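For reference, final.txt (compact mmCIF, C-alpha atoms):
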```txt
# COMPACT_ATOMS: atom_id res chain seq x y z
CA MET R 28 -8.16 -13.59 12.00
CA HIS R 29 -4.66 -12.38 12.56
CA ALA R 30 -2.73 -9.95 10.43
CA ARG R 31 -0.82 -11.66 7.65
CA CYS R 32 2.94 -12.07 8.14
CA GLY R 33 5.52 -11.11 5.51
CA CYS R 34 9.22 -10.95 6.23
CA ARG R 35 11.17 -11.19 2.97
CA PRO R 36 13.79 -8.51 2.20
CA VAL R 37 13.03 -5.73 -0.22
CA SER R 38 14.49 -6.39 -3.63
CA GLY R 39 16.56 -3.62 -5.13
CA ARG R 40 16.57 -5.18 -8.60
CA LYS R 41 14.74 -3.44 -11.39
CA GLY R 42 13.71 -4.48 -14.85
CA ARG R 43 12.80 -8.07 -13.94
CA PRO R 44 11.00 -9.62 -16.93
CA ARG R 45 7.29 -9.00 -16.64
CA GLY R 46 4.90 -11.89 -16.00
CA THR R 47 5.47 -15.29 -14.56
CA ARG R 48 7.71 -17.17 -17.02
CA TRP R 49 10.80 -16.78 -14.82
CA LEU R 50 8.95 -18.23 -11.83
CA ARG R 51 7.53 -21.19 -13.75
CA ALA R 52 10.98 -22.48 -14.62
CA PHE R 53 11.83 -23.43 -11.05
CA ALA R 54 8.26 -24.12 -9.95
CA VAL R 55 7.24 -26.86 -12.38
CA LEU R 56 9.64 -29.68 -11.46
CA PRO R 57 9.08 -29.71 -7.66
CA LEU R 58 5.35 -29.66 -8.23
CA LEU R 59 4.91 -32.42 -10.80
CA ALA R 60 4.33 -35.02 -8.11
CA SER R 61 1.79 -32.94 -6.21
CA VAL R 62 -0.03 -31.95 -9.39
CA LEU R 63 -0.32 -35.55 -10.53
CA ALA R 64 -1.50 -36.62 -7.10
CA ALA R 65 -4.16 -33.90 -7.09
CA CYS R 66 -5.53 -34.89 -10.48
CA GLY R 67 -7.64 -37.71 -9.07
CA SER R 68 -10.65 -35.43 -9.05
CA GLY R 69 -13.52 -37.80 -9.64
CA GLU R 70 -13.81 -36.99 -13.35
CA GLY R 71 -14.30 -40.67 -14.18
CA SER R 72 -17.50 -40.77 -12.12
CA GLY R 73 -19.04 -37.99 -14.19
CA ARG R 74 -19.17 -35.61 -11.23
CA PRO R 75 -16.20 -33.23 -11.13
CA THR R 76 -14.44 -32.46 -7.89
CA LEU R 77 -13.81 -28.75 -7.34
CA ASN R 78 -10.74 -28.22 -5.19
CA TRP R 79 -11.05 -25.40 -2.68
CA TYR R 80 -7.76 -24.24 -1.17
CA ASN R 81 -8.08 -22.13 1.95
CA PHE R 82 -6.52 -21.46 5.34
CA PRO R 83 -6.64 -24.37 7.80
CA ASP R 84 -9.87 -24.05 9.76
CA ASP R 85 -9.98 -25.96 13.05
CA SER R 86 -13.64 -25.22 13.80
CA GLY R 87 -15.10 -27.39 11.06
CA ALA R 88 -17.07 -24.49 9.56
CA LEU R 89 -15.30 -24.60 6.18
CA GLN R 90 -15.78 -28.35 5.82
CA LYS R 91 -19.47 -27.91 6.61
CA ALA R 92 -19.73 -25.28 3.88
CA ALA R 93 -18.05 -27.60 1.37
CA ASP R 94 -20.40 -30.45 2.30
CA ARG R 95 -23.53 -28.27 2.12
CA CYS R 96 -22.64 -26.86 -1.28
CA SER R 97 -21.73 -30.27 -2.64
CA GLN R 98 -25.17 -31.52 -1.61
CA ALA R 99 -26.90 -28.39 -2.93
CA SER R 100 -25.34 -28.92 -6.37
CA GLY R 101 -27.64 -31.87 -6.92
CA GLY R 102 -24.80 -34.11 -7.96
CA ARG R 103 -23.30 -31.72 -10.52
CA TYR R 104 -20.09 -31.30 -8.51
CA ARG R 105 -18.39 -32.08 -5.24
CA ILE R 106 -16.25 -29.55 -3.32
CA SER R 107 -13.06 -30.82 -1.70
CA TYR R 108 -11.72 -28.52 1.03
CA ASN R 109 -7.90 -28.57 0.96
CA LYS R 110 -5.99 -26.92 3.80
CA LEU R 111 -3.16 -24.56 2.94
CA PRO R 112 -0.21 -24.07 5.34
CA ARG R 113 -1.07 -22.30 8.60
CA ALA R 114 1.23 -19.30 8.01
CA ALA R 115 -0.03 -16.79 5.44
CA ASP R 116 3.36 -16.62 3.71
CA GLY R 117 3.27 -20.40 3.23
CA GLN R 118 -0.27 -20.16 1.86
CA ARG R 119 0.73 -17.59 -0.72
CA GLN R 120 3.90 -19.44 -1.69
CA GLN R 121 2.03 -22.66 -2.39
CA LEU R 122 -0.61 -20.92 -4.49
CA VAL R 123 1.94 -18.83 -6.41
CA ARG R 124 4.07 -21.80 -7.34
CA ARG R 125 1.18 -23.99 -8.41
CA LEU R 126 -0.51 -21.25 -10.42
CA ALA R 127 2.81 -20.39 -12.09
CA ALA R 128 2.95 -24.05 -13.13
CA GLU R 129 -0.59 -23.69 -14.58
CA ASP R 130 -1.85 -26.38 -12.23
CA ASP R 131 -5.43 -27.13 -13.36
CA SER R 132 -6.30 -28.99 -10.16
CA LEU R 133 -6.82 -25.66 -8.35
CA ASP R 134 -10.35 -24.30 -8.63
CA ILE R 135 -11.45 -22.07 -5.71
CA LEU R 136 -8.68 -20.01 -4.09
CA GLY R 137 -8.89 -18.48 -0.63
CA LEU R 138 -6.85 -15.30 -1.02
CA ASP R 139 -5.61 -12.99 1.68
CA VAL R 140 -7.18 -9.56 1.15
CA THR R 141 -3.86 -8.18 -0.15
CA TRP R 142 -3.33 -10.72 -2.95
CA ALA R 143 -6.08 -10.02 -5.51
CA ALA R 144 -4.19 -7.29 -7.38
CA GLU R 145 -1.03 -9.40 -7.66
CA PHE R 146 -2.89 -12.53 -8.80
CA ALA R 147 -5.06 -10.57 -11.25
CA GLU R 148 -2.07 -8.82 -12.79
CA ALA R 149 -0.37 -12.22 -13.24
CA ARG R 150 -3.60 -13.49 -14.91
CA TRP R 151 -3.91 -16.33 -12.43
CA ILE R 152 -7.53 -15.60 -11.48
CA ARG R 153 -10.66 -14.92 -13.51
CA GLU R 154 -12.68 -11.73 -13.52
CA TRP R 155 -16.19 -11.86 -12.06
CA THR R 156 -18.67 -10.54 -14.64
CA GLY R 157 -22.38 -10.52 -15.41
CA ALA R 158 -24.75 -12.31 -13.05
CA ALA R 159 -21.90 -13.76 -10.96
CA ARG R 160 -20.56 -10.28 -10.25
CA ARG R 161 -24.00 -8.95 -9.37
CA GLN R 162 -24.57 -11.80 -6.92
CA ALA R 163 -21.12 -11.31 -5.41
CA GLN R 164 -21.75 -7.62 -4.77
CA GLU R 165 -25.36 -7.85 -3.60
CA GLY R 166 -25.59 -7.17 0.13
CA THR R 167 -21.80 -7.22 0.57
CA LEU R 168 -20.12 -4.59 2.70
CA ARG R 169 -18.45 -1.90 0.59
CA VAL R 170 -14.97 -1.87 2.15
CA PRO R 171 -14.36 -5.65 1.91
CA LEU R 172 -15.36 -5.41 -1.77
CA GLN R 173 -12.49 -2.99 -2.33
CA THR R 174 -10.02 -5.74 -1.45
CA SER R 175 -11.42 -7.89 -4.29
CA THR R 176 -11.20 -5.19 -6.92
CA TRP R 177 -8.33 -4.28 -9.22
CA LYS R 178 -8.45 -1.59 -11.93
CA GLY R 179 -12.20 -1.36 -11.61
CA LYS R 180 -12.77 -5.09 -12.13
CA LEU R 181 -13.93 -7.65 -9.57
CA TYR R 182 -11.55 -10.60 -9.20
CA ALA R 183 -12.84 -12.29 -6.03
CA VAL R 184 -15.79 -12.39 -3.66
CA PRO R 185 -15.32 -11.45 0.03
CA TYR R 186 -15.73 -14.55 2.18
CA ASN R 187 -14.99 -13.13 5.64
CA THR R 188 -13.45 -10.03 7.12
CA ASN R 189 -11.87 -8.80 10.35
CA THR R 190 -10.83 -5.63 12.10
CA GLN R 191 -9.38 -4.48 15.38
CA LEU R 192 -11.05 -2.82 18.34
CA LEU R 193 -9.71 -1.30 21.55
CA TRP R 194 -10.04 -3.79 24.41
CA TYR R 195 -9.63 -2.52 27.96
CA ARG R 196 -10.14 -3.32 31.62
CA LYS R 197 -13.08 -1.42 33.06
CA ASP R 198 -11.82 -1.88 36.61
CA LEU R 199 -8.75 0.15 35.64
CA VAL R 200 -10.27 2.47 33.03
CA PRO R 201 -13.91 3.41 33.74
CA THR R 202 -14.16 5.42 30.50
CA PRO R 203 -12.13 4.28 27.47
CA PRO R 204 -9.86 6.80 25.72
CA ARG R 205 -11.00 8.36 22.44
CA THR R 206 -7.52 9.21 21.15
CA TRP R 207 -4.00 7.82 21.24
CA ALA R 208 -2.87 10.79 23.33
CA GLU R 209 -5.59 10.10 25.93
CA MET R 210 -4.67 6.41 26.05
CA LEU R 211 -0.97 7.12 26.65
CA ASP R 212 -1.90 9.63 29.37
CA MET R 213 -4.14 7.05 31.07
CA ALA R 214 -1.42 4.40 30.86
CA GLY R 215 1.05 6.81 32.41
CA ALA R 216 -1.33 7.58 35.29
CA LEU R 217 -1.88 3.87 35.96
CA ASN R 218 1.86 3.32 35.94
CA ARG R 219 2.36 6.00 38.57
CA GLN R 220 -0.26 4.28 40.72
CA GLY R 221 1.56 0.97 40.41
CA LYS R 222 -1.29 -0.65 38.47
CA PRO R 223 -1.27 -2.68 35.24
CA HIS R 224 -0.80 -0.14 32.48
CA PHE R 225 0.65 -1.67 29.28
CA VAL R 226 -0.86 -1.01 25.85
CA GLU R 227 -0.63 -4.31 23.96
CA ILE R 228 -0.16 -4.02 20.19
CA GLN R 229 1.71 -5.76 17.38
CA GLY R 230 5.27 -4.43 17.32
CA ALA R 231 7.20 -7.33 15.76
CA GLN R 232 8.79 -7.03 12.33
CA TYR R 233 5.99 -8.60 10.30
CA GLU R 234 2.68 -7.78 8.64
CA GLY R 235 1.08 -6.72 11.91
CA LEU R 236 3.47 -3.76 12.13
CA THR R 237 2.43 -2.69 8.62
CA VAL R 238 -1.23 -2.96 9.65
CA TRP R 239 -0.60 -0.71 12.67
CA PHE R 240 1.10 1.92 10.48
CA ASN R 241 -1.58 1.68 7.78
CA THR R 242 -4.33 2.21 10.35
CA LEU R 243 -2.62 5.25 11.84
CA ILE R 244 -1.78 6.92 8.52
CA ASN R 245 -5.35 6.47 7.27
CA SER R 246 -6.70 7.70 10.61
CA ALA R 247 -4.55 10.80 10.17
CA GLY R 248 -6.14 11.51 6.78
CA GLY R 249 -3.43 10.04 4.56
CA SER R 250 -2.48 6.82 2.82
CA ILE R 251 0.62 4.82 1.95
CA LEU R 252 0.00 5.01 -1.84
CA ASN R 253 -1.82 7.53 -4.00
CA ALA R 254 -5.32 6.75 -5.30
CA SER R 255 -4.03 5.13 -8.50
CA ALA R 256 -1.41 3.07 -6.59
CA THR R 257 1.33 4.41 -8.87
CA GLU R 258 3.52 6.17 -6.30
CA PRO R 259 3.91 6.71 -2.56
CA SER R 260 1.63 9.23 -0.85
CA LEU R 261 2.74 9.30 2.81
CA GLY R 262 3.51 12.97 3.62
CA PRO R 263 2.68 14.58 7.00
CA PRO R 264 0.17 11.84 7.96
CA ALA R 265 2.97 9.27 7.70
CA VAL R 266 5.19 11.34 9.98
CA ARG R 267 2.35 11.60 12.50
CA ALA R 268 1.69 7.85 12.33
CA ALA R 269 5.35 7.00 12.82
CA GLY R 270 5.55 9.49 15.68
CA ILE R 271 2.66 7.84 17.54
CA MET R 272 4.33 4.45 17.20
CA ARG R 273 7.62 5.84 18.50
CA ASP R 274 5.88 7.68 21.36
CA LEU R 275 4.21 4.48 22.57
CA ALA R 276 7.43 2.48 22.29
CA LYS R 277 9.32 5.01 24.41
CA SER R 278 6.60 5.47 27.03
CA PRO R 279 5.80 3.50 30.20
CA ALA R 280 2.81 2.11 28.26
CA ALA R 281 5.09 -0.08 26.14
CA ASP R 282 5.32 -3.73 27.02
CA PRO R 283 9.04 -4.61 27.21
CA SER R 284 8.31 -7.35 24.66
CA LEU R 285 6.80 -4.91 22.14
CA PRO R 286 9.47 -5.47 19.42
CA ASN R 287 8.65 -9.19 19.39
CA GLN R 288 4.91 -9.17 19.92
CA MET R 289 2.22 -10.44 17.58
CA GLU R 290 -1.52 -10.81 18.13
CA ASP R 291 -1.34 -13.93 20.26
CA GLN R 292 1.36 -12.54 22.54
CA ASN R 293 -0.84 -9.47 23.04
CA ARG R 294 -3.76 -11.72 23.98
CA LEU R 295 -1.71 -13.67 26.50
CA ALA R 296 -0.31 -10.51 28.10
CA MET R 297 -3.80 -9.13 28.55
CA GLU R 298 -5.09 -12.40 29.99
CA SER R 299 -2.19 -12.53 32.44
CA GLY R 300 -3.28 -9.22 33.96
CA MET R 301 -0.21 -7.25 32.83
CA ALA R 302 -2.04 -4.78 30.58
CA ALA R 303 -4.81 -2.20 30.74
CA PHE R 304 -5.34 -1.86 26.97
CA GLU R 305 -5.10 -4.09 23.92
CA LEU R 306 -5.49 -3.33 20.20
CA ASN R 307 -6.55 -6.62 18.71
CA TYR R 308 -9.13 -8.66 16.82
CA PRO R 309 -12.40 -9.94 18.36
CA PHE R 310 -11.00 -13.44 18.92
CA VAL R 311 -9.59 -12.13 22.20
CA TYR R 312 -13.09 -11.90 23.73
CA PRO R 313 -13.98 -15.63 23.81
CA SER R 314 -10.37 -16.38 24.70
CA MET R 315 -10.50 -14.14 27.77
CA LYS R 316 -13.85 -15.69 28.73
CA ALA R 317 -12.36 -19.18 28.57
CA ASN R 318 -8.97 -18.45 30.14
CA ASN R 319 -9.51 -15.82 32.85
CA ALA R 320 -13.06 -15.63 34.13
CA GLU R 321 -12.15 -13.07 36.80
CA LEU R 322 -10.65 -10.56 34.38
CA PHE R 323 -13.40 -11.28 31.88
CA LYS R 324 -15.90 -9.60 34.22
CA ASN R 325 -14.20 -6.27 33.45
CA PHE R 326 -13.12 -6.95 29.85
CA ARG R 327 -14.70 -4.37 27.53
CA TRP R 328 -14.36 -3.11 23.98
CA ALA R 329 -14.48 0.37 22.43
CA PRO R 330 -13.73 1.99 19.05
CA TYR R 331 -10.11 2.06 17.94
CA PRO R 332 -8.40 5.23 19.29
CA ARG R 333 -8.34 8.25 17.02
CA VAL R 334 -5.26 10.14 15.89
CA ASP R 335 -7.23 13.42 15.91
CA ALA R 336 -10.18 13.94 18.22
CA ASN R 337 -12.34 15.29 15.36
CA ARG R 338 -11.51 12.53 12.86
CA PRO R 339 -12.76 8.92 13.25
CA ALA R 340 -10.15 6.18 13.29
CA ARG R 341 -9.91 3.94 10.21
CA PRO R 342 -8.67 0.52 11.32
CA THR R 343 -7.31 -1.80 8.64
CA ILE R 344 -9.43 -4.78 7.64
CA GLY R 345 -8.27 -8.35 7.11
CA GLY R 346 -10.05 -11.43 5.84
CA ILE R 347 -10.24 -13.90 2.98
CA ASP R 348 -11.58 -13.45 -0.57
CA LEU R 349 -12.58 -16.36 -2.82
CA ALA R 350 -11.18 -16.30 -6.36
CA VAL R 351 -11.57 -18.60 -9.37
CA SER R 352 -8.36 -20.04 -10.79
CA ALA R 353 -7.63 -19.14 -14.40
CA TYR R 354 -6.61 -22.76 -14.98
CA SER R 355 -9.73 -24.47 -13.59
CA ARG R 356 -11.33 -26.91 -16.02
CA HIS R 357 -14.82 -26.06 -14.72
CA PRO R 358 -14.98 -22.26 -14.35
CA ASP R 359 -18.76 -21.94 -14.59
CA LEU R 360 -19.27 -24.46 -11.80
CA VAL R 361 -16.50 -22.85 -9.74
CA PHE R 362 -18.15 -19.42 -9.82
CA GLU R 363 -21.41 -21.03 -8.67
CA ALA R 364 -19.65 -23.01 -5.93
CA ALA R 365 -17.75 -19.96 -4.63
CA LEU R 366 -21.01 -18.03 -4.29
CA CYS R 367 -22.51 -20.95 -2.39
CA LEU R 368 -19.54 -21.20 -0.02
CA ARG R 369 -19.97 -17.60 1.07
CA ASN R 370 -23.77 -17.51 1.18
CA ARG R 371 -25.75 -16.42 4.23
CA GLU R 372 -25.92 -19.84 5.89
CA ASN R 373 -22.23 -20.60 5.47
CA GLN R 374 -21.05 -17.16 6.55
CA LEU R 375 -23.22 -17.42 9.67
CA THR R 376 -21.69 -20.81 10.49
CA ALA R 377 -18.19 -19.44 9.96
CA ALA R 378 -19.02 -16.54 12.28
CA LEU R 379 -20.60 -18.62 15.05
CA GLU R 380 -18.22 -21.59 14.97
CA GLY R 381 -15.05 -20.09 13.51
CA GLY R 382 -15.25 -16.54 14.90
CA LEU R 383 -14.93 -14.96 11.44
CA PRO R 384 -16.89 -11.70 10.96
CA PRO R 385 -19.13 -11.93 7.88
CA THR R 386 -19.05 -9.72 4.81
CA LEU R 387 -22.83 -9.79 4.24
CA ARG R 388 -24.38 -6.73 5.86
CA ALA R 389 -27.65 -8.47 6.79
CA LEU R 390 -25.93 -10.94 9.10
CA TYR R 391 -25.06 -8.15 11.53
CA ASP R 392 -28.79 -7.96 12.33
CA GLU R 393 -29.05 -11.74 12.82
CA PRO R 394 -30.01 -12.45 16.47
CA ALA R 395 -27.84 -15.58 16.68
CA PHE R 396 -24.80 -13.66 15.50
CA MET R 397 -25.46 -10.67 17.75
CA LYS R 398 -25.79 -12.98 20.77
CA GLU R 399 -22.62 -14.95 20.06
CA TYR R 400 -20.66 -11.88 18.96
CA PRO R 401 -21.46 -9.13 21.50
CA SER R 402 -19.09 -6.70 19.80
CA SER R 403 -20.80 -7.12 16.41
CA GLY R 404 -22.24 -3.60 16.44
CA ALA R 405 -18.83 -2.08 17.07
CA VAL R 406 -17.26 -4.32 14.41
CA LEU R 407 -19.88 -3.26 11.85
CA ALA R 408 -19.36 0.42 12.63
CA VAL R 409 -15.64 -0.01 12.01
CA LEU R 410 -16.12 -2.01 8.81
CA GLU R 411 -18.32 0.65 7.28
CA SER R 412 -15.51 3.23 7.47
CA ALA R 413 -12.41 1.04 7.68
CA SER R 414 -9.27 1.24 5.55
CA VAL R 415 -7.68 -1.35 3.30
CA ARG R 416 -4.00 -1.99 2.77
CA PRO R 417 -2.49 -0.63 -0.46
CA LEU R 418 -4.03 -2.30 -3.51
CA THR R 419 -1.05 -3.07 -5.72
CA PRO R 420 0.61 -6.15 -7.26
CA ALA R 421 3.76 -5.05 -5.43
CA TYR R 422 2.11 -5.22 -2.00
CA GLN R 423 4.56 -7.79 -0.65
CA ASN R 424 7.50 -5.42 -1.10
CA VAL R 425 5.48 -2.39 0.05
CA SER R 426 4.65 -4.17 3.29
CA ILE R 427 8.23 -5.28 3.84
CA ALA R 428 9.51 -1.74 3.27
CA VAL R 429 7.18 -0.51 6.01
CA SER R 430 7.76 -3.25 8.58
CA HIS R 431 11.54 -3.31 8.18
CA THR R 432 11.86 0.46 8.42
CA LEU R 433 9.64 0.78 11.50
CA SER R 434 11.24 -2.07 13.45
CA PRO R 435 11.89 -1.77 16.31
CA PRO R 436 9.28 0.90 17.07
CA ALA R 437 11.51 2.55 19.69
CA GLY R 438 14.08 3.24 16.96
CA ILE R 439 11.67 5.14 14.71
CA LYS R 440 12.73 8.61 13.61
CA PRO R 441 9.43 9.89 12.20
CA GLU R 442 10.64 12.13 9.38
CA SER R 443 13.62 10.08 8.23
CA SER R 444 11.69 6.81 8.61
CA ALA R 445 8.90 8.18 6.39
CA ASP R 446 11.52 9.23 3.82
CA THR R 447 13.06 5.76 3.85
CA ILE R 448 9.68 4.12 3.37
CA ARG R 449 8.97 6.44 0.45
CA GLU R 450 12.24 5.59 -1.28
CA GLN R 451 11.84 1.84 -0.82
CA ILE R 452 8.21 1.83 -1.95
CA ASP R 453 9.15 3.82 -5.04
CA ASP R 454 11.72 1.13 -5.86
CA ALA R 455 9.15 -1.62 -5.24
CA LEU R 456 6.55 -0.02 -7.51
CA ARG R 457 9.04 0.35 -10.36
CA SER R 458 10.14 -3.29 -10.11
CA GLU R 459 8.31 -5.75 -12.34
CA GLY R 460 7.27 -9.37 -12.09
CA VAL R 461 5.92 -11.52 -9.31
CA ILE R 462 7.73 -11.71 -5.97
CA PRO R 463 8.71 -15.29 -5.07
```
So that I can check it, write out the structure of this file as structure tokens.
Amino acid sequence: MHARCGCRPVSGRKGRPRGTRWLRAFAVLPLLASVLAACGSGEGSGRPTLNWYNFPDDSGALQKAADRCSQASGGRYRISYNKLPRAADGQRQQLVRRLAAEDDSLDILGLDVTWAAEFAEARWIREWTGAARRQAQEGTLRVPLQTSTWKGKLYAVPYNTNTQLLWYRKDLVPTPPRTWAEMLDMAGALNRQGKPHFVEIQGAQYEGLTVWFNTLINSAGGSILNASATEPSLGPPAVRAAGIMRDLAKSPAADPSLPNQMEDQNRLAMESGMAAFELNYPFVYPSMKANNAELFKNFRWAPYPRVDANRPARPTIGGIDLAVSAYSRHPDLVFEAALCLRNRENQLTAALEGGLPPTLRALYDEPAFMKEYPSSGAVLAVLESASVRPLTPAYQNVSIAVSHTLSPPAGIKPESSADTIREQIDDALRSEGVIP
């Protein structure tokens, strides 16, 4: 539910051999033990075990999905849910190393929405074609599908999604702001009255800072990369986006902890009564209900603030896509199993028990979901016009170029910062190979 973290330095090296051979050399030896251990997959019993690797889910929803689909297979396969590390960087690192070693014990891969292009370009995941592709696309929201697509081909199926809203205290702000300028003005007025006035947002040097910038630049009518993902786009919208970030950081609306804050710190600050506004994911709603019943009475949501009053905001989506490993020994069964794992019943369970917004449009009209997820209508409205992060195999370095340049937000110099991001992204796009 949170924005993915990425904090490795930008590589200035160019001309790295294309493909994955260089990575396999150091990956194979440390993994031999884990690969051998994972090979006990039930083949001897005649029923193959399909290994599903995904983020660690504490709600039990993913295990329920694995159990249901195993039963629904009629004995043709069993799905084993394997938990990846909790941090997104650790998840990616484990998958990259094992796929580079051509580990055939991986079958279904839970990919962050920014990984499909990289994994497809490395030929680690299979393309979805024919009937499987049609089933994957049927009834699925358009924007989440973009995260699964690379060069016009579908490489994964959206499992869940996520996006941010504006959360605010109605006792302090009777009418929510429509734009960033209005929100900063309201925060300033509350400050002068001696009332809680902070705007909580992700300002630490990690993926959340990239998400903030990506949302603002798309809301200003621009993008980080051009349509073909071959070069930086940026331009005046990037300068405007960087300027808004700097303006918040230098205003009374900025939490003093802004340069170190991630989603959970924002949640805690809002629950403590320090803030009037919060830009965050819907998980903050049940958390406020559980942790501060008094403030919860006035806890409300609204659309993400606009950059321009006449142009809707385009918040950045998150989520997980399910891909089929290129090295799976049972690809036909894996495609079938992946479709089962993200079917209507399992997505509804993940939404109700795990708090993960679904990617199937019809579920937003499901009474049980609407009751449990009061902000579902606002979430759907955002998802239908949301933005995605740059679709490129070099996304890791693109994200790092953005987050390193814009940290801390108070130090942003809009024009020169945009120029620096452009130069570093250009270097990243011209580098080759997979980032370790």
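Checking R:Arg333, R:Arg327, R:Arg105, R:Arg267 one by one against R:Lys440, counting all atoms listed in the file, you find the shortest gap at R:Arg267.
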Write out as CSV the residues of stretch 111-149 of chain R that have any atom within 10 Å of an atom of stretch 421-438 of chain R, one row each with the nearest atom pair and its distance in Å to one decimal, counting only C-alpha atoms, sorted by chain and then rising number.
```
residue,atom,partner,partner_atom,distance
R:Asp116,CA,R:Gln423,CA,9.9
R:Thr141,CA,R:Tyr422,CA,6.9
R:Trp142,CA,R:Tyr422,CA,7.8
R:Ala144,CA,R:Ala421,CA,8.5
R:Glu145,CA,R:Ala421,CA,6.8
```
Polymer residues at most 12 Å from (-18.5, 2.1, 15.8) by all atoms listed in the file, as a ChimeraX atom specification: /R:190-193,205,328-333,339-342,402-413
Counting all atoms listed in the file, what is within 9 Å of stretch 245-255 of chain R, bar same-chain residues fewer than 3 positions away, as a PDB file with C-alpha atoms, in the frame of the given file?
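Below is the file part-v8.pdb, written as the result:
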```pdb
ATOM      1  CA  LYS R 178      -8.450  -1.590 -11.930  1.00  0.00           C
ATOM      2  CA  PHE R 240       1.100   1.920  10.480  1.00  0.00           C
ATOM      3  CA  ASN R 241      -1.580   1.680   7.780  1.00  0.00           C
ATOM      4  CA  THR R 242      -4.330   2.210  10.350  1.00  0.00           C
ATOM      5  CA  GLU R 258       3.520   6.170  -6.300  1.00  0.00           C
ATOM      6  CA  PRO R 259       3.910   6.710  -2.560  1.00  0.00           C
ATOM      7  CA  SER R 260       1.630   9.230  -0.850  1.00  0.00           C
ATOM      8  CA  LEU R 261       2.740   9.300   2.810  1.00  0.00           C
ATOM      9  CA  GLY R 262       3.510  12.970   3.620  1.00  0.00           C
ATOM     10  CA  PRO R 263       2.680  14.580   7.000  1.00  0.00           C
ATOM     11  CA  PRO R 264       0.170  11.840   7.960  1.00  0.00           C
ATOM     12  CA  ALA R 265       2.970   9.270   7.700  1.00  0.00           C
ATOM     13  CA  ARG R 267       2.350  11.600  12.500  1.00  0.00           C
ATOM     14  CA  ALA R 268       1.690   7.850  12.330  1.00  0.00           C
ATOM     15  CA  ARG R 333      -8.340   8.250  17.020  1.00  0.00           C
ATOM     16  CA  VAL R 334      -5.260  10.140  15.890  1.00  0.00           C
ATOM     17  CA  ASP R 335      -7.230  13.420  15.910  1.00  0.00           C
ATOM     18  CA  ARG R 338     -11.510  12.530  12.860  1.00  0.00           C
ATOM     19  CA  PRO R 339     -12.760   8.920  13.250  1.00  0.00           C
ATOM     20  CA  ALA R 340     -10.150   6.180  13.290  1.00  0.00           C
ATOM     21  CA  ARG R 341      -9.910   3.940  10.210  1.00  0.00           C
ATOM     22  CA  PRO R 342      -8.670   0.520  11.320  1.00  0.00           C
ATOM     23  CA  THR R 343      -7.310  -1.800   8.640  1.00  0.00           C
ATOM     24  CA  ALA R 413     -12.410   1.040   7.680  1.00  0.00           C
ATOM     25  CA  SER R 414      -9.270   1.240   5.550  1.00  0.00           C
ATOM     26  CA  ARG R 416      -4.000  -1.990   2.770  1.00  0.00           C
ATOM     27  CA  PRO R 417      -2.490  -0.630  -0.460  1.00  0.00           C
ATOM     28  CA  LEU R 418      -4.030  -2.300  -3.510  1.00  0.00           C
ATOM     29  CA  VAL R 425       5.480  -2.390   0.050  1.00  0.00           C
ATOM     30  CA  ARG R 449       8.970   6.440   0.450  1.00  0.00           C
ATOM     31  CA  ILE R 452       8.210   1.830  -1.950  1.00  0.00           C
TER      32      ILE R 452
END
```
Spatial neighbours of stretch 224-233 of chain R, max dist 8 Å, all atoms listed in the file, sep filter under 6 positions, as a PyMOL selection string: chain R and resi 31-34+214-215+217-218+239+279-282+285-290+293+296-297+301-307+427+430-431+433-436
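Counting all atoms listed in the file, the residue from R:Leu211, R:Ile244, R:Leu89, R:Ala183 that sits nearest to R:Leu379 is R:Leu89.
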Close residues, R:Tyr104 itself excluded, 9 Å, only C-alpha atoms, min 5 positions apart in chain, as a PyMOL selection string: chain R and resi 73-77+96-98+360+364
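Candidate residues R:Ile271, R:Leu322, R:Leu168, R:Leu383 were compared for distance to R:Ile347, and the nearest is R:Leu383, using only C-alpha atoms.
In this model, the gap between atom CA of R:Asn78 and atom CA of R:Phe310 comes to 28.3 Å.
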How big is the axis-aligned box around all listed atoms of stretch 104-110 of chain R once 5 Å goes on each side, and where's its centre, in Å to one decimal, as lines of an AutoDock Vina configuration file?
```
center_x = -13.0
center_y = -29.5
center_z = -2.4
size_x = 24.1
size_y = 15.2
size_z = 22.3
```
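Relative to atom CA of R:Arg388, atom CA of R:Tyr312 is found at 21.8 Å.
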Two-atom distance - atom CA of R:Ala127, atom CA of R:Leu366 (Å): 25.2 Å
Polymer residues at most 6 Å from stretch 352-357 of chain R, all atoms listed in the file, same-chain spacing of 6 or more positions, as a ChimeraX atom specification: /R:131,134,151-153
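Between R:Ser132 and the candidates R:Asp446, R:Trp79, R:Gln173, R:Ser100, the tightest atom-to-atom separation, counting all atoms listed in the file, involves R:Trp79.
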All residues 9 Å or closer to R:Pro385, all atoms listed in the file, same chain fewer than 2 positions away omitted, as a PyMOL selection string: chain R and resi 185-189+369+371+374-375+377-378+383+387-388+390-391
